[in-house]
Every structure is written in C-alpha cells, then in structure tokens.
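Everything on this sheet refers to the single structure shown next.
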Amino acid sequence: MVYQNSTSQLRIFRRLLPALLLGIVTLFCASCAEEQAPTKVDLTKRVSNDVLMQISDTDQLNFGIGSMITPKEGYSYYRQLITYVAEKLNKPVKIIDRGNYDEVNALLEHEQLDVAFVCGGPYVEGKDVFGLQLLALPEMSHGPIYYSYLIVPANSPARELNDLRDKVFAFTDPKSNSGKIVPTYWLAQMEETPDSFFSKHIYTYAHDASIQAVVDKLVDGAAVDSLIWEYLNSKNPEIGVKTRIIKRSEAFGIPPLVIRPGLPEAMRKQLRDIILTMHEDPEGKKILDGMLIKRFVPGKDSAYDSIREMRNFVARRNKGDSP
C-alpha cells in the first residue's frame, strides 16, 4: 500500500515537474528583468530644456525634429536630411528631438534651436509671440498644402463628427493644427468643446500614435495630419484598410521648416540655398523621394492666416463672445 502511494506520488510529481520548472524559470527571468531592465537608447541624447539653455556653441547648428510630426518609419529620412545639410554647410549640426511643440517653441524662442520642423499651429503661435520665421515649405505632389483627416476604425458606424458624441477621441498635441486646432474648431462651430462633446479625450503626442490607436480600436476616432496618414498608408496599406476617413478639412499651409529670430543672415541664406536646391542634387533628391517630398519652396506667412482665424474663433467661443 505504501509502495503504491509512493508510486502514485512519483507519477504525479513527474507530471507536475515541467510546470514547476517553467514557473521557476519565469520567476528567475522576472527577477532578472527587475534587476536589469533593458536600456532604451535615445540616439538624439535628449537633455532637459533648462540644460540646453545653459549651453552655447556658436560653431554648431541646432536642428530640431520631433515625434509629433515625424512618423517612426520616416525618422531616418529626417536624420539623412539633417546630415545632408551639415555636410553642405561643412559645420557640425546637433539634432535635438522633443516630444511636444511647447518645448520646441521654447528652445526656438531662447535661441537654443536654430532651425526646426514644426506644425502650422506652433508656427503661428511662435510667429505672433516671438517672431518665429519661415525658412521653406515642403512641396508634395499636390503642392505645399495638407489637411486634417478625421479618422475612425474601418468598421465603425460613424459617418460624421456628430456620430462621435460621447465617444473616446485622440488628439495629437495641444498646439497641433491638424491634430487639435481643426477638430476643436469644428466642435466650436457646433457650440461644443472637447469636454462637452467626447466622453474622454487623450493626447498621443504623435500622429502615427493616433493612427495606431484607431487601428487598434483604443479610441473611437482621431484627428491626424493627412501627410502622415498618406505616408504611412503608402508604406503599409493596412492603414487604409483598418481606418476610414470620415471628414477632411480645408487645405492649410503645410507644416514648415522654420528658423529662430536673430539667426545670422549669412547662415539663413546658406540654409535656404541648400534646402531649396536639394531636389537638383541626386543625393538630396533621393532623400526627398523617401520623404515623398518633391522639393522645398519659399513660403509666405499669409498661407497660415486660416489657422489664425480658427484659433481666434475658438478663443471667442470659449469666452462666450459671438464670432
């Protein structure tokens, strides 16, 4: 009897042994992960704005880009473009990456960034507040313009903005034109605000992140930059299969390349000449082709007046004034 029980116990132990071993390995790996978490390498070597504002290097050009306007799939092309500019200038160029437009504008205002890619909204604010200046505009196949796309999951029943009432919505950045100003303007025309209209709204701080949130159905809708939606869809047609555009804005002046006020005129001219002639150089054209840009062209501040009008309309509505 004792032998039979021992045999039974041994059989049970053998059956449980693989599971026990798996549990031990899992616990061991978990403790390793806690003791030595993987290091996430940031190639841009971010430092705080306060530290940057204490650094002064007149021999270096500080070039700003950010995840708000740069999809991960296209980030390498922006780096190639900046490297191209550095080689043409024969001058060291530091890439400064920031996660929101407030930080980018703060660095431009305090002369810690010399040139940067920004959205139309931050450009308008920077121009009006501290004299931010246009350097050039990327021209796409349809010109130096873009749109705000209101997107939903492909199988969503929503057909218009009003169908997203009491739903979860993704904005990009508080200062983004296509990702915040435009949809807020649409709501203001309906005498609504994001707080009164949506059950919940979030900021993703990247257009590709907003698109992915819709693809994964983490949100019921989002407002995104048409350029980034089109770029991602060209690289991965699944974007067009899993999302649906239910509203397109009017055309706006495209997100520009800007320079800080006070940048020496000689440097401004050099930069402008390099950027505006990139498409004539085989190396430069290859980079632009990868970004789906035909060329860079001069720009006028008046191209962004419609953004100013929307901002003013929303501000008056928020104050309870008639438009």
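Identifiers for the structure tokens are assigned positionally: chains receive A, B, ... in sequence, residues are indexed from 1 per chain, and ligands are indexed from 1 in the order shown.
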
Those in region 245-318 of chain A with strand (DSSP E or B) from DSSP, as a PyMOL selection string: chain A and resi 245-248+252-253+257-259+295-297

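Near region 119-129 of chain A, within 6 Å and counting only C-alpha atoms, sit Lys175, Ser176, Asn177 and Pro255 of chain A; same-chain residues fewer than 4 positions away were not included.
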
Take the residues just selected and output them with C-alpha atoms as an mmCIF file, in the first residue's frame.
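This is the output file again.cif:
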```cif
data_model
loop_
_atom_site.group_PDB
_atom_site.id
_atom_site.type_symbol
_atom_site.label_atom_id
_atom_site.label_comp_id
_atom_site.auth_asym_id
_atom_site.auth_seq_id
_atom_site.Cartn_x
_atom_site.Cartn_y
_atom_site.Cartn_z
ATOM 1 C CA LYS A 175 -0.771 73.070 -30.337
ATOM 2 C CA SER A 176 -1.119 70.840 -33.408
ATOM 3 C CA ASN A 177 -3.211 72.337 -36.186
ATOM 4 C CA PRO A 255 3.976 72.200 -41.717
#
```

Close residues, Tyr203 (chain A) itself excluded, 7 Å, only C-alpha atoms, min 2 positions apart in chain, as a ChimeraX atom specification: /A:170-173,205

Length of the CA of His142 (chain A) to CA of Ile293 (chain A) vector [Å]: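 Atom-to-atom, CA of His142 (chain A) to CA of Ile293 (chain A), that is 10.1 Å.
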
Nearby residues (only C-alpha atoms) at most 7 Å from region 194-197 of chain A, same-chain spacing under 5 positions excluded, as a ChimeraX atom specification: /A:165-166,184

Give me the residues within 10 Å of Ser302 (chain A) as a PDB file with C-alpha atoms, in the first residue's frame, counting only C-alpha atoms and dropping any in the same chain fewer than 5 places off.
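Okay, this is what ended up in selection.pdb:
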```pdb
ATOM      1  CA  GLY A 253      -0.256  75.841 -45.361  1.00  0.00           C
ATOM      2  CA  ILE A 307      -5.140  78.796 -38.821  1.00  0.00           C
ATOM      3  CA  ARG A 308      -5.136  82.162 -37.064  1.00  0.00           C
TER       4      ARG A 308
END
```

Near-Phe313 (chain A) list (12 Å; only C-alpha atoms; drop same-chain fewer than 6 positions) as a VMD selection string: chain A and resid 181 to 182 184 to 189 191 306 to 307 319 to 323
